[in-house]
Every structure is written in structure tokens, then in C-alpha cells.
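See structure below.
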Amino acid sequence: MTPGSYDVVVVGAGMLGASAARHLADGGCAVALVGEAEPADPKVHDGVFASHHDIGRVSRTIDPDPVRAWLGYRSAAQFADLATRTGVQTVYGVGHLWVEAADGLEALVAADRRFSLGCIRRNAADTMVAMPYLFLPEELETLWEPAPAGWVDPRAYVRSEKAALEAAGATVLEALVGSVVLVDGAVEVRTESETVVGNRVLLATGAFSGFGETPAAGLDVEYALHTQRYLQLDDDEAARLAGMPSIIAKSPDPDEDFYLTPPIVDPQGRTVLKVGKPQDDHVRVSATDLAAWYRTDGDPTFAVRLDRTVGGLLPGLRWLDRWMTSCVTTYTPTGHPMIDALDDRVFCCIGGNGYAAKCAPALGELAAGILLGNSWPSEVDRDLFRASFAA
């Protein structure tokens, strides 16, 4: 291919990369989105992994961080617009329930007021009346956010972004990128099968920013290695939990914190409840080590904690089968993605910090805006999204 075949090549076809590519195509760029397909068998996969290969992620606007709240609010309308545009439903508005002590809810109430979300605040007893399948400690309170809050299907979201991309005339390639190299005034993105050449490149490579030869190697990122519990439910149990919102719970004891997505039908047709715990222990490991982690079922010592969490929250829960999975969250020093230029031709959108799924459309818009020359929004502190390299 000749130099400059594309205005921008986006490397990484996850939620952020697909979003940024679509925004670039909508902005008039000739775009190629390049990323590896979901592995048929993760246990033997020897490439990279993507965090969006999951049944569901919490979707909400309320957030203790005002920047994340604004990004979530801006994303809600874009999720809806994309569904209209492609016919692919990605967000399920079952509502979201935040559980925490009264003092901790104040920042969330501020977000509710700022965006006129119509949230409902309740004590534990009233919440259990409204949602009789739940059991909550009496010292906690809740803030319930109505639709469109709920959960987002990350696989469907990426499919919808790719559909919109291709409809806009962009190219989508399924391939593993091994290197991104500046050659003769352009950037070569080299895969196992071909080389794709762009005037500029956006790296949206998530936890695998250190894989291969790219200018993103050495970014100042750390990783949380998560273990999640999945429980398959029968039809009666799914019916009993019908209408359950997604849940985030913060406890005086951080070991009791958890997140939960309600019963979801997975790609195999099973109705599955997912629960996990935030992981505060962050590590610096290689791409090889991350891939090895993804090939496991996570840390079996977490099974006891997660089972205790589910049993305490949903007394009498019945399940047909259960299993664990591993996943990874990428963290940056500022707590926000690095959306910035790495040199004159290579840019990055890396580091989800545990909130990228609910804000993917708006984060992709920020990344695309840099390449399109758009003004950075005043609601977002630009310095929070600067790239930095590890010392």
C-alpha cells in the first residue's frame, strides 16, 4: 500500500478504539480500524486479549468524580443515537443502584442534580421493600438512577461501532498488530498478514499497550488483575430477579465492596449473573504476563469472597452452574485515560481506569477530537488526560 493510504489508522478494536474510529470517520477522515478478533478458546490463545469480551458492564451517569459523571452523561445520548443508527441495542436501561453510607452518597446526589437524572434515594429498609430480592445492611443507603442507566453489552457496542464505521466508508481489519513504525513520513502498522499505512495512528490498545513495537511502550500504567464470578440461573430464578438494576456497593470495609450486573443472556444462551470486586492492588507486569493471566480462571481464593457477597446480597439464590473468569483494568496516575499525542504522528487513548465502558462514546470523541483539531471541552480538565511515561 502507498504511504498515506489512510488519514488515520486506529490500532485496537475495543470500546475506545471503535468509538474513536467512528468519530474520526464521521469527521471526514479515511479510517482503518485494526484489531484482533475474539479468541475462539482463550485458554490456548497466544495473542492479545480485549476487555470488551464480556457479557455486561455497569452503565450509569452518577459518579463521585464530576468528570466521569459528565462523560457518562454525554455518552448516554450517544449510546442511544448509535442504536438508532445501526439497529443494534447496546444499553439496557434497567436502572443502576449505588449502595454506600449516607456521607458517601453526597457526591452522587450532586451529579443527579447537575444532570436532572431523577434518582431516588432510600434507606436500606425502603430499598429492600422496593427490591425484595435484596438484603442490605441497615447502616447503608442507596441512590437509584433510572434508565438509561443499567448495563451495556460491550461486545454489541463494538459491533455497532464497527457497523457505523463501515457504513461511513471506513475499513475494519481483524489482525494482530506487531509493530507501529514511522517510515518515510508515514506510519506503518504491521500485522501478521499485511502492512497498513496511515498519515497518523491512534493507539487504543488497552492493557496491551506494551505489546510489540509501538511508541506506547513504557507508558506509566499499572494493572489490576480481577477475578469475577458468573452464576447461571434457571428461568424461575431469572424471573424472580426480573427488573434488577446493575449495582455498585461501597462498604466501610473495602473487602466488602462489589459490582454486579443483573441476569443477562450470554452468547451461549445462558442467563448469567456476574459479580466482582474492585482490586486495589495494582501491579506493573509485561504483556506476556497479562496474556498468561487472561488464560486463567482468575484467583481461586476470590471465589469464597464473591460467593459470600452474592449469598449476603441475594439470600436463597439458586444457580445451575457457576464459574470464574479473569480480566484486567488499566490504571493511569491521574485516574483518567491518556488521550494525547505521543509524537507528531502517533496518538494514544489508553487506560480505562475502571470506567471506560460506561463512557466509551465520549472518550472516543475526545480522542478523535484531538486528531480532528476540535476544541477540548471546557467540562474536562485537559491535564487529567495527558500521557506520561514511567520513570
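By order of appearance in the C-alpha cells: chains A, B, ..., then residues from 1 within every chain, and ligands from 1 in the order shown.
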Just the residues within 12 Å of Leu233 in chain A, please, counting only C-alpha atoms, with nothing from its chain fewer than 3 positions along; format it as a JSON list (two decimals) with N, CA and C atoms, in the first residue's frame.
```
[["chain", "number", "residue", "atom", "x", "y", "z"],
["A", 230, "TYR", "N", -19.34, -15.82, 37.80],
["A", 230, "TYR", "CA", -20.52, -15.92, 36.95],
["A", 230, "TYR", "C", -21.40, -17.05, 37.49],
["A", 236, "ASP", "N", -36.92, -19.73, 36.44],
["A", 236, "ASP", "CA", -37.66, -19.25, 37.61],
["A", 236, "ASP", "C", -36.85, -18.22, 38.39],
["A", 237, "GLU", "N", -35.57, -18.49, 38.54],
["A", 237, "GLU", "CA", -34.72, -17.56, 39.30],
["A", 237, "GLU", "C", -34.52, -16.27, 38.52],
["A", 238, "ALA", "N", -34.38, -16.37, 37.21],
["A", 238, "ALA", "CA", -34.27, -15.17, 36.39],
["A", 238, "ALA", "C", -35.55, -14.33, 36.49],
["A", 239, "ALA", "N", -36.70, -14.99, 36.53],
["A", 239, "ALA", "CA", -37.97, -14.27, 36.67],
["A", 239, "ALA", "C", -38.07, -13.59, 38.03],
["A", 240, "ARG", "N", -37.58, -14.26, 39.09],
["A", 240, "ARG", "CA", -37.62, -13.67, 40.43],
["A", 240, "ARG", "C", -36.78, -12.40, 40.50],
["A", 241, "LEU", "N", -35.71, -12.37, 39.75],
["A", 241, "LEU", "CA", -34.81, -11.21, 39.77],
["A", 241, "LEU", "C", -35.08, -10.23, 38.64],
["A", 242, "ALA", "N", -36.18, -10.42, 37.94],
["A", 242, "ALA", "CA", -36.52, -9.53, 36.82],
["A", 242, "ALA", "C", -36.59, -8.09, 37.31],
["A", 262, "PRO", "N", -26.97, -7.46, 36.41],
["A", 262, "PRO", "CA", -28.15, -8.32, 36.63],
["A", 262, "PRO", "C", -28.19, -9.48, 35.65],
["A", 263, "PRO", "N", -29.16, -10.36, 35.77],
["A", 263, "PRO", "CA", -29.22, -11.51, 34.85],
["A", 263, "PRO", "C", -29.20, -11.08, 33.37],
["A", 264, "ILE", "N", -28.25, -11.64, 32.65],
["A", 264, "ILE", "CA", -28.02, -11.31, 31.25],
["A", 264, "ILE", "C", -27.92, -12.62, 30.47],
["A", 265, "VAL", "N", -28.50, -12.66, 29.29],
["A", 265, "VAL", "CA", -28.36, -13.83, 28.42],
["A", 265, "VAL", "C", -27.03, -13.71, 27.67],
["A", 266, "ASP", "N", -26.15, -14.68, 27.88],
["A", 266, "ASP", "CA", -24.82, -14.62, 27.28],
["A", 266, "ASP", "C", -24.84, -15.20, 25.87],
["A", 269, "GLY", "N", -26.51, -18.46, 25.26],
["A", 269, "GLY", "CA", -27.92, -18.60, 25.58],
["A", 269, "GLY", "C", -28.21, -18.85, 27.04],
["A", 270, "ARG", "N", -27.20, -18.75, 27.91],
["A", 270, "ARG", "CA", -27.40, -18.95, 29.34],
["A", 270, "ARG", "C", -27.74, -17.62, 30.01],
["A", 271, "THR", "N", -28.61, -17.65, 31.01],
["A", 271, "THR", "CA", -28.90, -16.46, 31.79],
["A", 271, "THR", "C", -27.91, -16.40, 32.95],
["A", 272, "VAL", "N", -27.11, -15.33, 32.98],
["A", 272, "VAL", "CA", -25.94, -15.29, 33.86],
["A", 272, "VAL", "C", -25.94, -14.01, 34.70],
["A", 273, "LEU", "N", -25.66, -14.18, 35.97],
["A", 273, "LEU", "CA", -25.44, -13.07, 36.90],
["A", 273, "LEU", "C", -23.93, -12.95, 37.10],
["A", 274, "LYS", "N", -23.41, -11.71, 37.06],
["A", 274, "LYS", "CA", -21.96, -11.51, 37.22],
["A", 274, "LYS", "C", -21.70, -10.63, 38.42],
["A", 317, "LEU", "N", -30.44, -17.44, 46.76],
["A", 317, "LEU", "CA", -30.18, -17.51, 45.32],
["A", 317, "LEU", "C", -29.90, -18.95, 44.90],
["A", 318, "ARG", "N", -30.56, -19.39, 43.85],
["A", 318, "ARG", "CA", -30.33, -20.73, 43.28],
["A", 318, "ARG", "C", -29.60, -20.58, 41.95],
["A", 319, "TRP", "N", -28.67, -21.46, 41.69],
["A", 319, "TRP", "CA", -27.93, -21.41, 40.45],
["A", 319, "TRP", "C", -27.73, -22.81, 39.89],
["A", 320, "LEU", "N", -27.66, -22.87, 38.56],
["A", 320, "LEU", "CA", -27.46, -24.14, 37.86],
["A", 320, "LEU", "C", -25.98, -24.48, 37.72],
["A", 321, "ASP", "N", -25.18, -23.47, 37.52],
["A", 321, "ASP", "CA", -23.76, -23.66, 37.31],
["A", 321, "ASP", "C", -23.07, -22.36, 37.70],
["A", 322, "ARG", "N", -21.77, -22.45, 37.99],
["A", 322, "ARG", "CA", -21.01, -21.24, 38.30],
["A", 322, "ARG", "C", -19.57, -21.45, 37.88]]
```
Would you pick out the contacts of Gly364 in chain A at 7 Å or less, using only C-alpha atoms, so that residues sharing its chain but fewer than 3 positions from it are not included, and give the list as a CSV table (one decimal) with N, CA and C atoms, in the first residue's frame?
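This is the output file part-v8.csv:
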```csv
chain,number,residue,atom,x,y,z
A,16,LEU,N,-13.0,1.7,23.2
A,16,LEU,CA,-12.5,3.1,22.9
A,16,LEU,C,-12.0,3.2,21.5
A,17,GLY,N,-11.3,2.2,21.0
A,17,GLY,CA,-10.8,2.3,19.7
A,17,GLY,C,-11.9,2.4,18.6
A,19,SER,N,-14.9,3.4,19.1
A,19,SER,CA,-15.6,4.7,19.2
A,19,SER,C,-14.8,5.8,18.6
A,20,ALA,N,-13.5,5.9,18.8
A,20,ALA,CA,-12.7,6.9,18.2
A,20,ALA,C,-12.7,6.8,16.7
A,360,ALA,N,-17.5,5.1,27.0
A,360,ALA,CA,-16.8,4.9,25.7
A,360,ALA,C,-17.1,5.8,24.6
A,361,PRO,N,-18.4,6.2,24.3
A,361,PRO,CA,-18.6,7.1,23.2
A,361,PRO,C,-18.0,8.5,23.4
A,367,ALA,N,-10.7,11.5,22.0
A,367,ALA,CA,-9.5,11.1,21.2
A,367,ALA,C,-9.6,11.5,19.8
A,368,ALA,N,-10.8,11.3,19.1
A,368,ALA,CA,-10.9,11.7,17.7
A,368,ALA,C,-10.8,13.2,17.6
```
| query | When distances are computed from only C-alpha atoms, which of A:Leu202, A:Ala207, A:Ala130, A:Ala30 shows the smallest separation from Asp7 in chain A? | reply |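 The answer is A:Ala30, which sits nearest to Asp7 in chain A.
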| query | Which polymer residues have any atom within 12 Å of an atom of Leu225 in chain A, counting only C-alpha atoms, with same-chain residues fewer than 4 positions away left out, as JSON, numbers by chain? | reply | {"A": [51, 207, 276, 277, 278, 279, 280, 281, 282, 283, 284, 285, 289, 290, 291, 292, 293, 294, 296, 297, 298, 299, 302, 325, 326, 327, 328, 329, 330, 331, 354]}
| task | Enumerate as an MDAnalysis selection string all residues of range 2-55 of chain A assigned to helix (DSSP H, G or I) by DSSP on the backbone, naming them with the chain letters and numbers the document uses. | result | chainID A and resid 15:26 42:44
